[in-house]
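Input: a single structure, listed below in C-alpha cells.
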Amino acid sequence: MVEKPLISTVVSPLLLLLLVTGGVAAAEQEPLPVASQESTAAAEKDAPFDESAGNAAEEERQTGAEAPAATEQPPVVGGEVPPAADASPVQPHIEGAPLPEDDRQVEVLERKGGFLGYNFVFGDGYRGRALEYGFLKSSRSGGLFYRHMEKDTNLELEGFYLNENDYHGDLLMDYKGDYRLHLRTESLYHNLDREILFSPSFTSGRTDAGTPATYTAVQDPTANYGVSVVQDRADFRYRLHNFPLHVNLGYWRYQKEGTIQQRFADTAFEGAANTVYAQPRSVNQQIQEGHVGLDSHLGPVDVIYDFKARYFEDRLATPVGTYAARNDFSGTPDFLGGSLQHNENPDSSFFSHTLKLHTSLAGGLVGSGSYSFERRENLSDLSDTIGARHMRTFLQNAAGDLVYTPSREYSFALKYRRQEIDYSNRGALINTAFADPVMVAKPPIESTRDLVTGTVSYRPRLDLALVGEYRGDFLRRNNVSDVPTETTWGLPHNSSTHTGSLSAYYRPIKGLRTSAHYSYASADHPGYGAAFETRHEAKLLLTYTLNNRWGITSHAVLRRDENDQVRKYLVDVPFERHTFSLAPLTARNVDSENANIGVWWVPIPKLTVGANYSYLHQEVEQGILFTGVFTGSQAASEFTSTSHVYGVNASYSLGEKCDLSLMAQQIRSSAAFVPTDTTFTLIPGSTTGVKEISEQDTVISSLAARGEYRFSSVLSTTLEYSVSDYNELKSAYKSYSGTVHTIVAGLSAKW
C-alpha cells in the first residue's frame with residue numbers, strides 16, 4: 001500500500017502553481033456581471049466624445065440650427081492652440097465595416113472558484129475489488145479553477161485533489177495563438193489482488209527418476225497490494241507570426257510506485273523438490289519521453305516532422321531467489337542452481353523519426369503519406385546472463401492515403417500501410433547457472449506486413465448513405481518452419497486475410513437514426529490457435545428522440561469465428577530434446593453476442609429518469625491438452641462467459657437552488673471452463689473437478705446519490721454518497737468479497 005506524505009504532493013510544481021494562481025485570483029476584485037459590462041460598453045460606444053460638445057449639439061438640435069462643417073486648419077506657429085484642437089477628432093465607425101484586428105474591442109471574461117471538502121472511505125471485507133481504482137483511506141479534498149480570456153491572452157487553470165494518490169491539475173496558456181503552453185499532472189491508484197496458492201502440498205511423477213516429486217507452495221503474509229500511477233505532461237507550441245510554421249516541444253513522464261505480489265517458481269519435471277513462491281515486491285518504475293516537432297504549410301503541401309525519445313527505468317534491484325540444482329531427464333547434471341536473479345524488468349530505450357506530407361484537406365482530391373523509423377534497445381543488467389543487453393529492434397512504417405470526392409454523392413478512398421520488423425546486435429546467450437553456459441535460443445521472427453484498404457461511399461439522398469470496404473492484410477515471416485526446431489518457430493511463412501464489409505446509415509424521420517453493418521473475413525494459414533479462419537460480424541444501431549421528452553438507444557454486435565486449422569505440436573517420445581511432430585489439426589469456434597438498450601424519459605419538468613440493460617455472452621469450443629503434449633492427452637472443452645448489466649438513474653431539480661441525482665447499477669457475471677468427462681491412461685488422470693475449480697459467479701452492486709444546494713450565485717454545498725459491493729458467490733473466491741462506502745462533503749464558491 002502506497003502512502004505518500006501530503007507535503008510531497010502539495011509541492012508538486014504544477015499543483016503549487018495551481019494553488020498560487022488560485023490564491024491570486026481569489027484576491028482580485030469581482031468583475032462586473034456580463035450584463036453590466038455589455039451595458040457599459042454600449043453606453044461608451046454611443047456617448048459623445050466630450051460632455052461640452054454633447055450639450056452644444058443638443059442645444060443646436062433644439063433650436064434647429066445647423067452645426068458648421070468642420071474644417072482642418074494648420075496650427076498657428078507660436079500662437080495659442082484653439083480649444084477644439086486640444087484632442088484629435090475621432091472618426092466615427094461606419095456601421096457594418098469591420099474594424100482592424102488590433103482595434104477590435106473584445107470583452108474580458110474572467111471566472112474563478114474552488115471547493116473544500118472531506119472524503120470519508122470505510123467498509124468491510126477485501127475492498128480491493130469493490131473499489132478497484134481508488135485509495136482506501138479517508139482524506140481531505142479540494143479543488144480550484146481560474147479562467148481569464150481576453151483578446152490576446154487566454155489562461156485556464158483547474159485542479160482537483162481527492163487524496164495523495166488521486167488528483168489532477170491542468171494549466172493552459174495561449175498568447176495570440178503564437179505561444180501555447182499546456183501543463184498537466186494526474187495520479188490514480190490501482191488496488192491489486194493477492195492470489196492464494198495451493199494447499200496442502202502434493203506429489204507427482206518426475207522424468208529423471210522413478211520416485212515421486214513433491215510440490216510445495218510458500219504463501220506471502222496477508223497484505224493489501226496496489227500501485228499509484230502518476231503522469232506529468234508539458235507541451236509547448238510556437239508559431240511564427242508571419243510564417244506558417246509551428247515548433248512543437250513536449251515532455252511526458254509516467255511513474256508507477258507501490259507493492260505487488262510477485263509469484264515465481266522453482267519447478268521442473270526433474271528433481272525431488274518443487275516450490276512455488278508468492279512474495280511482496282516493491283515497484284518504482286519511470287518512463288520519460290521527449291519529442292520535438294515541426295510542421296509547416298509549404299505551398300501545395302503541408303510537411304510535418306517529429307522526433308521522439310523515450311527511456312524506461314526500473315529504479316529497484318532485480319529480485320534474487322535460491323534455486324535447487326537439477327539434472328536433465330537422463331540424470332546428467334544440467335542446472336547448477338544457487339542464488340539467482342529472476343523476473344527482471346529490463347531498462348530500455350526508444351527513439352523514432354516521423355515525416356508526414358499531405359495536400360490541402362479541402363477539395364475533391366486529398367493525398368497524404370508518412371514514413372517513420374523506430375529503434376528499441378534492451379538495456380538488461382542481469383549479472384548471471386550475458387547477451388541480452390543492447391539487443392535492438394528496428395521498425396519501419398510507411399503509409400499512403402488518397403481520397404477522391406467527385407461529387408456530393410460519391411467518395412472514394414485508397415489506403416496503404418507497410419510495416420517491417422528487424423532485429424540486430426544479438427550476441428550469444430550465456431547463463432552461468434547451467435553446466436553448459438551457452439544457451440540455445442531461437443532468433444526472433446522478422447516480418448513484413450502490408451495492409452491495403454479500399455472504400456466507396458455513396459449518398460443517394462441526404463438521409464441515406466451506403467459504404468462498402470475491402471481490406472487486405474498480408475503478412476510474411478522468416479525464421480519459421482512447419483514444426484518447431486532449435487532455430488525456427490512453428491508458424492506459417494505467409495498469412496493473408498481478406499475482409500469485405502457493407503454499411504448503411506439511414507435517417508427516415510426526424511429524431512430517428514439507424515445503421516447496419518455486416519462484414520465477412522477469410523484468412524488462409526492462420527498463425528495461432530486463437531486466430532480465425534473465417535469471421536462473420538454484424539452490427540445494428542438504433543436511436544430515437546421525440547421532442548426532448550423521451551428517447552431510446554439500442555445496439556447489438558454479433559460475431560462468429562471459425563478455425564479448422566488449429567495446430568498443436570507433440571513432443572517426440574522418448575522426449576528427444578527440441579524435436580516435435582505436428583498433431584492432427586483441430587477446430588476452434590467462438591460465438592459472441594453483445595447487446596444494449598437504454599431509455600430516458602422526462603415525465604415532468606425538471607425530472608429525468610433512465611434505465612439501461614446490457615447483455616454480453618461468449619462461448620469458445622476447442623480441444624485442450626491436459627496431461628501432456630502427446631497423443632491421448634486431449635479432451636474437447638468449452639469456455640462460457642455471460643454478463644448482465646442493469647442500471648437506473650434519475651435527476652431532479654428541486655427549485656432554483658437544489659439539484660438531486662441517483663444512480664444504481666448491478667452486474668451479474670458468470671464464467672466456467674467445462675471439459676468433457678475424459679479419463680487418460682498414458683499418464684493417469686481425468687477432467688473430473690475441473691469445472692468446479694474454474695467456475696465463477698460474481699455480483700457487483702453499486703449505488704450513488706448526489707445533492708447540491710446553492711445558497712447564492714457564489715456559494716454552494718454538495719454531498720455525495722456511494723456504496724460498491726463485490727460479492728463472489730463461489731466459495732473458492734469468497735476471500736475477494738467486500739464492500740466500500742464513500743462520502744464526499746464539500747463547500748464550493750465561484751465568482
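We name chains A, B, ... following the order of the C-alpha cells; residues begin at 1 in each chain, and ligands are numbered from 1 as shown.
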(Q) What's around region 284-295 of chain A at 6 Å? Count only C-alpha atoms, leave out sequence neighbours fewer than 5 positions away in its own chain, and write the answer as a PyMOL selection string. (A) chain A and resi 245-257+303-315
Q: Run DSSP on the backbone and grab whatever in region 448-545 of chain A lands in strand (DSSP E or B); send it over as a count of residues only.
A: 70
Q: Return the single residue from A:Asp235, A:Asp334, A:Asp564, A:Asp463 that is closest to Asp436 (chain A), with distances computed using only C-alpha atoms.
A: A:Asp334
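Distance check against Phe626 (chain A) using only C-alpha atoms: of A:Leu682, A:Val483, A:Ala538, A:Val230, the minimum falls on A:Leu682.
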Which residues are close to Glu409 (chain A), i.e. within 7 Å by only C-alpha atoms, leaving aside same-chain residues fewer than 3 positions away? Reply as a PDB file with C-alpha atoms, in the first residue's frame.
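Final output, selection_6.pdb:
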ATOM      1  CA  TYR A 458     -22.467   6.540 -51.910  1.00  0.00           C
ATOM      2  CA  ARG A 459     -25.063   9.014 -50.637  1.00  0.00           C
ATOM      3  CA  PRO A 460     -28.088   8.967 -52.977  1.00  0.00           C
TER       4      PRO A 460
END
Q. What's the 12 Å shell around Arg326 (chain A), counting only C-alpha atoms, without same-chain residues fewer than 3 positions away, as a list in words?
A.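 That gives Arg206, Thr207, Asp208, Ala209, Asp266, Thr267, Ala268, Phe269, Glu270, Gly271, Ala272, Ala273, Asn274, Tyr323, Phe329, Ser330, Gly331, Thr332, Pro333, Asp334, Phe335, Leu336, Gly337, Gly338, Ala433, Phe434 and Ala435 of chain A.
For the residues A:Lys356, A:Arg281, A:Arg376, A:His168, ranking by smallest atom-to-atom distance to Asp302 (chain A) using only C-alpha atoms places A:Lys356 first.
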Q | Nearest to Pro443 (chain A), chosen from A:Leu475, A:Ala388, A:Ala398, A:Ala465, with only C-alpha atoms counted in the distances | A |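 For Pro443 (chain A), the nearest of the candidates is A:Ala388.
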Within 8 Å of Met439 (chain A) using only C-alpha atoms, minus same-chain residues under 6 positions, as a PDB file with N, CA, C and O atoms, in the first residue's frame:
ATOM      1  N   ALA A 428      25.763 -14.189 -28.427  1.00  0.00           N
ATOM      2  CA  ALA A 428      25.488 -15.496 -27.838  1.00  0.00           C
ATOM      3  C   ALA A 428      24.979 -15.316 -26.415  1.00  0.00           C
ATOM      4  O   ALA A 428      25.496 -14.503 -25.639  1.00  0.00           O
ATOM      5  N   LEU A 429      23.935 -16.071 -26.053  1.00  0.00           N
ATOM      6  CA  LEU A 429      23.373 -16.005 -24.717  1.00  0.00           C
ATOM      7  C   LEU A 429      24.119 -16.976 -23.811  1.00  0.00           C
ATOM      8  O   LEU A 429      24.199 -18.174 -24.091  1.00  0.00           O
ATOM      9  N   ILE A 430      24.640 -16.451 -22.709  1.00  0.00           N
ATOM     10  CA  ILE A 430      25.418 -17.252 -21.764  1.00  0.00           C
ATOM     11  C   ILE A 430      24.820 -17.069 -20.381  1.00  0.00           C
ATOM     12  O   ILE A 430      24.652 -15.940 -19.907  1.00  0.00           O
ATOM     13  N   ASN A 431      24.501 -18.202 -19.719  1.00  0.00           N
ATOM     14  CA  ASN A 431      23.954 -18.174 -18.375  1.00  0.00           C
ATOM     15  C   ASN A 431      24.811 -19.062 -17.495  1.00  0.00           C
ATOM     16  O   ASN A 431      24.899 -20.285 -17.714  1.00  0.00           O
TER      17      ASN A 431
END
Q: Rank A:Leu715, A:Leu654, A:Asp572, A:Ala523 by their smallest atom-to-atom distance to Leu607 (chain A), using only C-alpha atoms, and report the top residue only.
A: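 The answer is A:Leu654, which sits nearest to Leu607 (chain A).
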Write out as a PDB file with all heavy atoms, in the first residue's frame which residues come within 7 Å of Ser380 (chain A) when counting only C-alpha atoms, dropping same-chain ones fewer than 6 positions away.
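Below you can see result-v5.pdb, which holds the result:
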ATOM      1  N   PRO A 346      13.683  -5.237 -17.516  1.00  0.00           N
ATOM      2  CA  PRO A 346      14.889  -4.602 -18.062  1.00  0.00           C
ATOM      3  C   PRO A 346      14.638  -3.155 -18.476  1.00  0.00           C
ATOM      4  O   PRO A 346      13.576  -2.812 -18.997  1.00  0.00           O
ATOM      5  CB  PRO A 346      15.231  -5.479 -19.270  1.00  0.00           C
ATOM      6  CG  PRO A 346      13.936  -6.099 -19.673  1.00  0.00           C
ATOM      7  CD  PRO A 346      13.176  -6.304 -18.399  1.00  0.00           C
ATOM      8  N   ASP A 347      15.632  -2.298 -18.228  1.00  0.00           N
ATOM      9  CA  ASP A 347      15.581  -0.945 -18.753  1.00  0.00           C
ATOM     10  C   ASP A 347      15.613  -1.012 -20.283  1.00  0.00           C
ATOM     11  O   ASP A 347      16.111  -1.977 -20.871  1.00  0.00           O
ATOM     12  CB  ASP A 347      16.769  -0.126 -18.245  1.00  0.00           C
ATOM     13  CG  ASP A 347      16.722   0.087 -16.741  1.00  0.00           C
ATOM     14  OD1 ASP A 347      15.710  -0.301 -16.124  1.00  0.00           O
ATOM     15  OD2 ASP A 347      17.699   0.617 -16.186  1.00  0.00           O
ATOM     16  N   ALA A 388      21.927 -10.440 -23.662  1.00  0.00           N
ATOM     17  CA  ALA A 388      20.647  -9.771 -23.888  1.00  0.00           C
ATOM     18  C   ALA A 388      20.803  -8.255 -23.978  1.00  0.00           C
ATOM     19  O   ALA A 388      20.021  -7.597 -24.674  1.00  0.00           O
ATOM     20  CB  ALA A 388      19.674 -10.120 -22.766  1.00  0.00           C
ATOM     21  N   ARG A 389      21.788  -7.707 -23.282  1.00  0.00           N
ATOM     22  CA  ARG A 389      21.961  -6.251 -23.267  1.00  0.00           C
ATOM     23  C   ARG A 389      22.322  -5.730 -24.656  1.00  0.00           C
ATOM     24  O   ARG A 389      23.126  -6.343 -25.371  1.00  0.00           O
ATOM     25  CB  ARG A 389      23.030  -5.856 -22.250  1.00  0.00           C
ATOM     26  CG  ARG A 389      23.170  -4.348 -22.053  1.00  0.00           C
ATOM     27  CD  ARG A 389      24.124  -4.039 -20.920  1.00  0.00           C
ATOM     28  NE  ARG A 389      24.335  -2.608 -20.751  1.00  0.00           N
ATOM     29  CZ  ARG A 389      23.538  -1.809 -20.057  1.00  0.00           C
ATOM     30  NH1 ARG A 389      22.480  -2.310 -19.450  1.00  0.00           N
ATOM     31  NH2 ARG A 389      23.795  -0.526 -19.937  1.00  0.00           N
TER      32      ARG A 389
END
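The residue that comes closest to Leu131 (chain A), out of A:Ser702, A:Asn479, A:Thr717, A:Thr259 and on the basis of only C-alpha atoms, is A:Ser702.
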Contacts of Glu537 (chain A) at 12 Å (only C-alpha atoms; same-chain gap of 2+ positions) as an mmCIF file with C-alpha atoms, in the first residue's frame:
data_model
loop_
_atom_site.group_PDB
_atom_site.id
_atom_site.type_symbol
_atom_site.label_atom_id
_atom_site.label_comp_id
_atom_site.auth_asym_id
_atom_site.auth_seq_id
_atom_site.Cartn_x
_atom_site.Cartn_y
_atom_site.Cartn_z
ATOM 1 C CA THR A 499 -12.255 -8.675 -45.328
ATOM 2 C CA GLY A 500 -15.271 -7.226 -47.092
ATOM 3 C CA SER A 501 -17.906 -5.078 -45.387
ATOM 4 C CA LEU A 502 -21.059 -3.148 -46.230
ATOM 5 C CA SER A 503 -22.618 -0.449 -44.033
ATOM 6 C CA ALA A 516 -26.437 -1.632 -40.088
ATOM 7 C CA HIS A 517 -23.040 -3.203 -40.739
ATOM 8 C CA TYR A 518 -22.013 -6.640 -41.973
ATOM 9 C CA SER A 519 -18.517 -7.942 -42.655
ATOM 10 C CA TYR A 520 -17.000 -11.245 -43.719
ATOM 11 C CA ALA A 521 -13.322 -12.120 -43.314
ATOM 12 C CA SER A 522 -11.346 -15.089 -44.572
ATOM 13 C CA THR A 534 -13.456 -17.225 -41.192
ATOM 14 C CA ARG A 535 -15.331 -14.478 -39.358
ATOM 15 C CA LYS A 539 -23.701 -4.619 -36.039
ATOM 16 C CA LEU A 540 -27.043 -2.874 -35.597
ATOM 17 C CA ALA A 556 -26.169 -5.193 -30.956
ATOM 18 C CA VAL A 557 -22.949 -6.861 -32.128
ATOM 19 C CA LEU A 558 -22.944 -10.494 -33.247
ATOM 20 C CA ARG A 559 -19.759 -12.350 -34.190
ATOM 21 C CA ARG A 560 -18.796 -15.896 -35.089
ATOM 22 C CA ASP A 561 -15.199 -17.097 -35.600
ATOM 23 C CA GLU A 562 -14.266 -20.482 -37.003
ATOM 24 C CA VAL A 590 -16.073 -18.704 -30.956
ATOM 25 C CA ASP A 591 -19.549 -17.150 -30.702
ATOM 26 C CA SER A 592 -20.153 -13.795 -29.037
ATOM 27 C CA GLU A 593 -23.239 -11.615 -28.662
ATOM 28 C CA ASN A 594 -23.242 -8.140 -27.123
#
**Q.** Separation of CA of Thr448 (chain A) from CA of Tyr528 (chain A) in Å
**A.**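 Going from CA of Tyr528 (chain A) over to CA of Thr448 (chain A) covers 17.2 Å.
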